[in-house]
Number of protein chains: 4
Amino acid sequence: MGDLVRVAVLGASGFVGGELVRLLQAHPEITVSVLAGKDSAGSTLASVHPNLSSTPLGGAVIEPVDPDEAARRADAVFLCLPHGASSLVVPPLLDSGMRVVDLSGDFRLEAEDYPPWYGFTHPAPDRLPEAVYGLPELFAERLAGASLIANPGCFPTPAILGLAPLLRAGLLETDVIHVDGKTGISGAGRASGDAAAFANIHESVRPYRAPRHQHTPEMERGLRLATGFEPTVTFVPHLVPAVRGVVTTCYARLALTATTDVLTGALDAAYRGRPFVRVCRPGDMVDSQRTRGTNVVELQAVADERSGTAIVVGAIDNLVKGAAGQALQNLNLALGLDETEGLPTVAVAP
Amino acid sequence: MGDLVRVAVLGASGFVGGELVRLLQAHPEITVSVLAGKDSAGSTLASVHPNLSSTPLGGAVIEPVDPDEAARRADAVFLCLPHGASSLVVPPLLDSGMRVVDLSGDFRLEAEDYPPWYGFTHPAPDRLPEAVYGLPELFAERLAGASLIANPGCFPTPAILGLAPLLRAGLLETDVIHVDGKTGISGAGRASGDAAAFANIHESVRPYRAPRHQHTPEMERGLRLATGFEPTVTFVPHLVPAVRGVVTTCYARLALTATTDVLTGALDAAYRGRPFVRVCRPGDMVDSQRTRGTNVVELQAVADERSGTAIVVGAIDNLVKGAAGQALQNLNLALGLDETEGLPTVAVAP
Amino acid sequence: MGDLVRVAVLGASGFVGGELVRLLQAHPEITVSVLAGKDSAGSTLASVHPNLSSTPLGGAVIEPVDPDEAARRADAVFLCLPHGASSLVVPPLLDSGMRVVDLSGDFRLEAEDYPPWYGFTHPAPDRLPEAVYGLPELFAERLAGASLIANPGCFPTPAILGLAPLLRAGLLETDVIHVDGKTGISGAGRASGDAAAFANIHESVRPYRAPRHQHTPEMERGLRLATGFEPTVTFVPHLVPAVRGVVTTCYARLALTATTDVLTGALDAAYRGRPFVRVCRPGDMVDSQRTRGTNVVELQAVADERSGTAIVVGAIDNLVKGAAGQALQNLNLALGLDETEGLPTVAVAP
Amino acid sequence: MGDLVRVAVLGASGFVGGELVRLLQAHPEITVSVLAGKDSAGSTLASVHPNLSSTPLGGAVIEPVDPDEAARRADAVFLCLPHGASSLVVPPLLDSGMRVVDLSGDFRLEAEDYPPWYGFTHPAPDRLPEAVYGLPELFAERLAGASLIANPGCFPTPAILGLAPLLRAGLLETDVIHVDGKTGISGAGRASGDAAAFANIHESVRPYRAPRHQHTPEMERGLRLATGFEPTVTFVPHLVPAVRGVVTTCYARLALTATTDVLTGALDAAYRGRPFVRVCRPGDMVDSQRTRGTNVVELQAVADERSGTAIVVGAIDNLVKGAAGQALQNLNLALGLDETEGLPTVAVAP
């Protein structure tokens, strides 16, 4: 066995950072050499993430976020920083020769998308072309050796993975696609205050931020990159009483009289042999519970021939395939490792 | 005060039957004279619905379902029987001069819809024209004095209430409307077995029965009755980890460049003064939690001008406005009583 | 009908304050004349408690807390203020001739108990003897006409109600009683931060603050006031994944070889005719779900003759019988009204 | 690497059987050679446990339970059969030279305990002395090479592990110990019907089967085996709204004026170096959430000197340390493997 790859996790105290360390501590070829955070600097990892207290890293003290220090002591870096903060540290990290997986939204779009959708002017627009959009099932070849990876958002992941093969196969019209999302509260991050209180989540289903959620242009761009077509997306996310899990239900116009079998076959063909994709057959609808704690995405397509609509659903664990797991899958690919290293596919159930 | 109206509840042992008795026991002008059930016959009401044990009805013994007996001892009857069972007992009840509110799907559609959507041939197609579709906010005038009321399904209620005023105002195109539904498990009824187990619902979001759910033609017909237009509906219901609550998110094509304000204004105008409708403003999205235990429906419409889509959302408690509460509202109207009698609008929260 | 009694709610923005207004708005002989809060002053009631938006009070603007103003515009006042704050405003309110129901812990104990259990020196120890401990099922006669009522804590309510009749009947030894409590998160109040986040409550059972919870001396004192005996209490509260509900399980030494029937009979005899007490029989264990939203307490006693232990369990809704509901029951009694006015006994279930 | 140990899982379709396969499929030195079940015979493993569909075993067809067949094709067997069924198949399995880990209660007690606590006469009382009670942290030396292991119940595991070191150290009196248990619904098994429905578990806390739960004599016997003392136990289990997690809170009389530090020190000393035991310090109470999916037990002891009571709490995942995980730990020890093989200590959180 060769030397272990040393990675830094900047932003280790949030839900995504904790999930990343949970995965990395069991990775056979990677070692965590830097753990850094903002508010948690000075605390031990175990005090911030008690579930990690039995790992050798549990006693490690979280450092302040310092890109130079990370560049000195690591070969690659995961950025779990807020939107707007990542784009400030990415240029110096790249200039130091680091491989960077950015889990924020800062490198997922075109420069002109940032003011309307994220509310800020991108500080490093010249670096945007270097970023590879990290959906491994669609862009694996570009990820090999990539130095800057824009890790996708939780909602775009199942939506794009479900729609792209059908668009490419000409089975969907490219006019408006309606994407209805459902998510558990962990997608809002740790510091989400009153809105995340048990008393407010319990027995509550509610839409939010429609139609201005920043995952809208990400879906459009991801579909364009993957297919060349340019469908417009309307996206409405909803919060449901769960901790983890994202389900996207996409409604698109059938380009011709396709059947459920044809749609299912196109998904099968696109993802044959891909270790994290499970295509569901009629009679067995996708279920976010089965993806909990794993890097699996469940996909399903149903033709409603009566109305000429394709219904394309996907389910993931938002903290794994929708964030930390996919980030690790991306780094595996960038490093030339087996993409499945360190990534669970078996859920703890019930 | 005049005499109390005597009502029979046939099918008192399910969730909807129990909810109906919860509401009726506090109604100032109605008395429950017959409580009947199938599997629970011979048990006390309190043993089947322990939450009702403090009411005078708690000790009442549930009788077998017997329409003749109900006709002898009641002035009106609520049918909380399974689909296919109601249509067998409605004709004799009507012939006895009873006022009937049917909570099954047996009188909500046209005769030809039953084989494809419900899997049976309607046994009394000649009685279908007598049935008034019981959405009081849209059909109040037809409900006054009605002798047979088809109480709407849980998903059609918020979907039709949200869409109809916008369709009527010409703000939506009448081509395909996509309806994405989310529901708590109580919508599946009491005897729903393994699928309703806590271990299977918890942390699970999953679509079901798409695109063949029987509420699809009900939405189409309800919209047609209310507006004269004939949009096609694609409907995908999803189960989320809650007991109560239905949220429908409808995606329709904007007929012209309407704004959110115009859509909101159309809802306001349609429901001004209606005691159970709450139209939500931008910044305050609908939330099923706020309707829990009440007969309130929360509605909201948002224009996504970018994609030319109207997003129309609605939230209800599926057991109240989506079943028992609306049934009682319908009977109130049929009897000429104040439609709010016995119907809560204040949720127990948190 | 005579004039309505005008009441002020000081501390209207918390869970307990909101619950109190939910009950008061349906009370036939009381009107809410003052709504005051600290952080919420200037907001409408509906913005703080959206479940109250359909009530006439929904649009009322919450005022700053001002005891003088309350004394001017109300006949009675409910204090839903933090521990330590109530005892500062009670003396002037009493001096103004107001009737006061205090929902904090400030008047539940003896002066010497405050430093060790609450961490402050009582500012008005001379007013403590005026306070009547408001457990209506045990102290109804002292509540009639009372001007200062110390509303009991959530855990002491079911524990004392279950134990007192058995102690009085000589069925329990008066040595150490172990009280194990379980509570939903609403007991921690609205502003309970990270610990109350859905992600931290879900799938979590954990004890807290043992053995130093301030309800320990309250149980001891309540039992002493009710029985004359002086048992020592050890109390361990636990947080469970629910919003509402308190269950106390008490373990005491059987004074003689009593049976479950004898214990049950003693509870029956003590509470015969009391409208909010439900004594459970063997085979039907208490269940907090059945008390949700109501002022009911479920009690049960079981003799474990094998070990000489009496097991005495009680279940309530902590926000109703454990706080706002019992406060209203106390005011009803103090005013000479029927104690059941405005207090539900039928839970919304499931 | 030597040959893999072949194991049979009899009773693979329940929650515990599924959890065992989840752990075994990742075990580096064990292979599952027989999967057998009763009602599920003929189905694939993945259809019964969808979370296992990504494993090589997912497509395996579950066989009928046949001890002879298991003996032919396996070296060791896990029995996940109902109480009363295990004791019928253990004798032939032992006679075939199989190593048996029995997860039922059939070999945990003395013969005379079965009629009063389990309701049947033990069919193989002569084999009871062969059974080693499988609490590895207390009986590791007897487990090495054991051929019949009685895997402990979920409640006895944390209760005995917490109490035994304190009893042995003379820190507790040996009179009555009160054990208050809280459990998620998965402890009731998969086929638990209406009582396990989401609608009935949600917002419900309730005791059950007190004081006659069969884990009572198991706690007494386990404590006797571990310490030589014979305390009497009163045990009241409670169901709380969670899927997984058991917390036991034990109340015992302090034998002398011990402090929390002394008690904590005794737990530390007893379990130093044990890989699955986490002793919690004051200020950090045990939390079942942190054990989810892992074989960890969290223990804590607090002295209430005021009442002379020791409070001893423990938390586990009932399906892992309380069942399948401990069973695998036991087999590891019996086979001379590292006891941690295949057993997670890092929870998926939040």
# chains A, B, ... in the order shown; residues from 1 in each chain; ligands from 1
>>> interface_residues(of="chain C", to="chain D", cutoff="7 Å", atoms="only C-alpha atoms", output="ChimeraX atom specification")
/C:176,199-200,203-208,211,232,234,240-244,247,285-289,304,307,350
>>> write_last_selection(atoms="N, CA and C atoms", output="PDB file, in the first residue's frame")
ATOM      1  N   VAL C 176     -38.089   6.855  50.714  1.00  0.00           N
ATOM      2  CA  VAL C 176     -37.779   7.443  49.410  1.00  0.00           C
ATOM      3  C   VAL C 176     -38.730   6.974  48.297  1.00  0.00           C
ATOM      4  N   ALA C 199     -33.291  17.618  14.502  1.00  0.00           N
ATOM      5  CA  ALA C 199     -32.207  16.655  14.310  1.00  0.00           C
ATOM      6  C   ALA C 199     -31.655  16.117  15.622  1.00  0.00           C
ATOM      7  N   ASN C 200     -31.805  16.864  16.692  1.00  0.00           N
ATOM      8  CA  ASN C 200     -31.273  16.415  17.980  1.00  0.00           C
ATOM      9  C   ASN C 200     -32.298  15.695  18.847  1.00  0.00           C
ATOM     10  N   GLU C 203     -35.220  10.316  17.430  1.00  0.00           N
ATOM     11  CA  GLU C 203     -34.507   9.089  17.795  1.00  0.00           C
ATOM     12  C   GLU C 203     -33.598   9.277  19.011  1.00  0.00           C
ATOM     13  N   SER C 204     -33.926  10.213  19.869  1.00  0.00           N
ATOM     14  CA  SER C 204     -33.102  10.455  21.048  1.00  0.00           C
ATOM     15  C   SER C 204     -33.916  10.302  22.319  1.00  0.00           C
ATOM     16  N   VAL C 205     -33.426   9.506  23.246  1.00  0.00           N
ATOM     17  CA  VAL C 205     -33.984   9.448  24.598  1.00  0.00           C
ATOM     18  C   VAL C 205     -32.824   9.780  25.527  1.00  0.00           C
ATOM     19  N   ARG C 206     -33.027  10.773  26.391  1.00  0.00           N
ATOM     20  CA  ARG C 206     -31.919  11.145  27.273  1.00  0.00           C
ATOM     21  C   ARG C 206     -32.404  11.755  28.574  1.00  0.00           C
ATOM     22  N   PRO C 207     -31.767  11.358  29.682  1.00  0.00           N
ATOM     23  CA  PRO C 207     -32.063  12.005  30.963  1.00  0.00           C
ATOM     24  C   PRO C 207     -31.404  13.380  30.995  1.00  0.00           C
ATOM     25  N   TYR C 208     -31.869  14.228  31.891  1.00  0.00           N
ATOM     26  CA  TYR C 208     -31.238  15.550  32.029  1.00  0.00           C
ATOM     27  C   TYR C 208     -31.363  16.052  33.464  1.00  0.00           C
ATOM     28  N   PRO C 211     -29.601  14.704  39.699  1.00  0.00           N
ATOM     29  CA  PRO C 211     -30.851  14.676  40.470  1.00  0.00           C
ATOM     30  C   PRO C 211     -31.214  16.058  40.991  1.00  0.00           C
ATOM     31  N   THR C 232     -39.236  11.555  50.933  1.00  0.00           N
ATOM     32  CA  THR C 232     -38.159  12.135  50.127  1.00  0.00           C
ATOM     33  C   THR C 232     -38.325  11.641  48.695  1.00  0.00           C
ATOM     34  N   THR C 234     -36.610  11.230  44.813  1.00  0.00           N
ATOM     35  CA  THR C 234     -35.524  11.323  43.827  1.00  0.00           C
ATOM     36  C   THR C 234     -36.198  11.388  42.464  1.00  0.00           C
ATOM     37  N   VAL C 240     -37.981  12.800  25.461  1.00  0.00           N
ATOM     38  CA  VAL C 240     -38.290  11.796  24.433  1.00  0.00           C
ATOM     39  C   VAL C 240     -38.777  12.514  23.175  1.00  0.00           C
ATOM     40  N   PRO C 241     -38.773  11.817  22.025  1.00  0.00           N
ATOM     41  CA  PRO C 241     -39.073  12.511  20.752  1.00  0.00           C
ATOM     42  C   PRO C 241     -40.556  12.787  20.530  1.00  0.00           C
ATOM     43  N   ALA C 242     -41.092  13.695  21.314  1.00  0.00           N
ATOM     44  CA  ALA C 242     -42.486  14.100  21.173  1.00  0.00           C
ATOM     45  C   ALA C 242     -42.538  15.597  21.397  1.00  0.00           C
ATOM     46  N   VAL C 243     -43.607  16.225  20.949  1.00  0.00           N
ATOM     47  CA  VAL C 243     -43.789  17.645  21.229  1.00  0.00           C
ATOM     48  C   VAL C 243     -44.430  17.818  22.602  1.00  0.00           C
ATOM     49  N   ARG C 244     -45.529  17.113  22.817  1.00  0.00           N
ATOM     50  CA  ARG C 244     -46.277  17.237  24.068  1.00  0.00           C
ATOM     51  C   ARG C 244     -46.305  15.905  24.804  1.00  0.00           C
ATOM     52  N   VAL C 247     -45.187  11.836  31.166  1.00  0.00           N
ATOM     53  CA  VAL C 247     -45.546  10.629  31.912  1.00  0.00           C
ATOM     54  C   VAL C 247     -44.608  10.540  33.100  1.00  0.00           C
ATOM     55  N   MET C 285     -53.090   0.564  30.068  1.00  0.00           N
ATOM     56  CA  MET C 285     -52.094   1.447  30.681  1.00  0.00           C
ATOM     57  C   MET C 285     -52.320   2.899  30.217  1.00  0.00           C
ATOM     58  N   VAL C 286     -51.884   3.833  31.044  1.00  0.00           N
ATOM     59  CA  VAL C 286     -51.997   5.262  30.690  1.00  0.00           C
ATOM     60  C   VAL C 286     -51.242   5.526  29.391  1.00  0.00           C
ATOM     61  N   ASP C 287     -51.648   6.557  28.674  1.00  0.00           N
ATOM     62  CA  ASP C 287     -51.030   6.878  27.381  1.00  0.00           C
ATOM     63  C   ASP C 287     -51.119   8.399  27.184  1.00  0.00           C
ATOM     64  N   SER C 288     -49.984   9.035  27.072  1.00  0.00           N
ATOM     65  CA  SER C 288     -49.986  10.499  26.957  1.00  0.00           C
ATOM     66  C   SER C 288     -50.709  10.970  25.703  1.00  0.00           C
ATOM     67  N   GLN C 289     -50.732  10.137  24.666  1.00  0.00           N
ATOM     68  CA  GLN C 289     -51.382  10.547  23.415  1.00  0.00           C
ATOM     69  C   GLN C 289     -52.854  10.888  23.629  1.00  0.00           C
ATOM     70  N   ASP C 304     -46.665  -4.336  42.714  1.00  0.00           N
ATOM     71  CA  ASP C 304     -45.749  -5.459  42.452  1.00  0.00           C
ATOM     72  C   ASP C 304     -45.492  -6.120  43.789  1.00  0.00           C
ATOM     73  N   SER C 307     -42.009  -7.640  44.871  1.00  0.00           N
ATOM     74  CA  SER C 307     -40.904  -6.829  45.383  1.00  0.00           C
ATOM     75  C   SER C 307     -41.381  -5.819  46.419  1.00  0.00           C
ATOM     76  N   PRO C 350     -56.215  10.271  15.530  1.00  0.00           N
ATOM     77  CA  PRO C 350     -54.785  10.105  15.802  1.00  0.00           C
ATOM     78  C   PRO C 350     -54.073  11.399  15.444  1.00  0.00           C
TER      79      PRO C 350
END
>>> select_by_dssp(residues="range 62-197 of chain D", states="alpha helix (DSSP H)", output="CSV table (one decimal) with C-alpha atoms, in the first residue's frame")
chain,number,residue,atom,x,y,z
D,67,PRO,CA,-32.0,-27.3,11.6
D,68,ASP,CA,-30.5,-30.4,9.9
D,69,GLU,CA,-29.9,-28.4,6.8
D,70,ALA,CA,-28.2,-25.7,8.8
D,71,ALA,CA,-26.0,-28.2,10.5
D,72,ARG,CA,-24.9,-29.6,7.2
D,73,ARG,CA,-24.0,-26.2,5.6
D,86,SER,CA,-35.6,-21.8,19.9
D,87,SER,CA,-35.5,-24.3,22.7
D,88,LEU,CA,-37.0,-27.0,20.3
D,89,VAL,CA,-34.1,-26.7,17.8
D,90,VAL,CA,-31.2,-26.0,20.1
D,91,PRO,CA,-30.7,-29.6,21.3
D,92,PRO,CA,-30.4,-31.2,17.8
D,93,LEU,CA,-28.1,-28.3,16.7
D,94,LEU,CA,-25.8,-28.8,19.7
D,95,ASP,CA,-25.8,-32.6,19.1
D,114,TYR,CA,-40.2,-20.3,32.3
D,115,PRO,CA,-43.7,-21.1,33.5
D,116,PRO,CA,-44.3,-17.9,35.5
D,117,TRP,CA,-42.5,-15.5,33.2
D,118,TYR,CA,-42.7,-17.0,29.7
D,136,PRO,CA,-19.2,-10.0,26.9
D,137,GLU,CA,-18.1,-7.1,29.1
D,138,LEU,CA,-18.9,-9.3,32.2
D,139,PHE,CA,-18.4,-12.9,31.0
D,140,ALA,CA,-15.8,-12.8,28.3
D,141,GLU,CA,-13.7,-15.6,29.7
D,142,ARG,CA,-16.7,-18.0,29.7
D,143,LEU,CA,-17.6,-17.0,26.2
D,156,PRO,CA,-31.1,-6.3,30.7
D,157,THR,CA,-28.1,-5.3,28.7
D,158,PRO,CA,-27.6,-1.7,29.8
D,159,ALA,CA,-29.2,-2.3,33.2
D,160,ILE,CA,-26.9,-5.1,34.2
D,161,LEU,CA,-23.8,-3.5,32.7
D,162,GLY,CA,-24.5,-0.4,34.7
D,163,LEU,CA,-25.4,-2.0,38.0
D,164,ALA,CA,-23.0,-4.9,38.2
D,165,PRO,CA,-19.7,-3.1,38.8
D,166,LEU,CA,-21.4,-0.9,41.5
D,167,LEU,CA,-22.9,-3.9,43.2
D,168,ARG,CA,-19.6,-5.8,43.1
>>> select_by_dssp(residues="range 15-102 of chain C", states="strand (DSSP E or B)", output="list in words")
Ile30, Thr31, Val32, Ser33, Val34, Leu35, Ala36, Thr44, Val61, Glu63, Ala76, Val77, Phe78, Leu79, Arg99, Val100, Val101 and Asp102 of chain C
>>> write_last_selection(atoms="C-alpha atoms", output="PDB file, in the first residue's frame")
ATOM      1  CA  ILE C  30     -63.745  35.378  30.244  1.00  0.00           C
ATOM      2  CA  THR C  31     -62.342  37.909  27.822  1.00  0.00           C
ATOM      3  CA  VAL C  32     -58.676  38.601  27.199  1.00  0.00           C
ATOM      4  CA  SER C  33     -58.134  42.319  27.752  1.00  0.00           C
ATOM      5  CA  VAL C  34     -54.335  42.503  27.844  1.00  0.00           C
ATOM      6  CA  LEU C  35     -51.777  40.504  25.868  1.00  0.00           C
ATOM      7  CA  ALA C  36     -48.217  41.330  26.838  1.00  0.00           C
ATOM      8  CA  THR C  44     -49.448  40.626  16.348  1.00  0.00           C
ATOM      9  CA  VAL C  61     -50.726  43.649  18.976  1.00  0.00           C
ATOM     10  CA  GLU C  63     -47.851  45.013  24.422  1.00  0.00           C
ATOM     11  CA  ALA C  76     -57.170  38.809  36.864  1.00  0.00           C
ATOM     12  CA  VAL C  77     -53.764  38.061  35.464  1.00  0.00           C
ATOM     13  CA  PHE C  78     -51.937  34.981  34.251  1.00  0.00           C
ATOM     14  CA  LEU C  79     -48.174  35.230  34.637  1.00  0.00           C
ATOM     15  CA  ARG C  99     -56.240  37.946  41.230  1.00  0.00           C
ATOM     16  CA  VAL C 100     -53.008  36.291  40.074  1.00  0.00           C
ATOM     17  CA  VAL C 101     -52.308  32.839  38.673  1.00  0.00           C
ATOM     18  CA  ASP C 102     -48.534  32.433  38.470  1.00  0.00           C
TER      19      ASP C 102
END
>>> residues_around(residues="Val48 in chain B", least_positions_apart="6", cutoff="10 Å", atoms="only C-alpha atoms", output="PyMOL selection string")
chain B and resi 12-15+18+40+58+62
>>> residues_around(residues="Val346 in chain B", least_positions_apart="6", cutoff="9 Å", atoms="only C-alpha atoms", output="NGL selection string")
(:B and (290-296)) or (:C and (22 or 51-55))
>>> residues_around(residues="range 255-258 of chain B", least_positions_apart="4", cutoff="6 Å", atoms="only C-alpha atoms", output="ChimeraX atom specification")
/B:171-173
>>> atom_distance(atom1="CA of Phe120 in chain C", atom2="CA of Ala196 in chain C")
25.7 Å
>>> atom_distance(atom1="CA of Leu109 in chain A", atom2="CA of Asn330 in chain A")
17.9 Å
>>> residues_around(residues="Asn318 in chain C", least_positions_apart="2", cutoff="7 Å", atoms="only C-alpha atoms", output="PyMOL selection string")
chain C and resi 154+187+244-246+316+320-323
>>> closest_residue(among="D:Thr216, D:Ser192, D:Gly228, D:Ala131", to="Thr174 in chain D", atoms="only C-alpha atoms")
D:Gly228
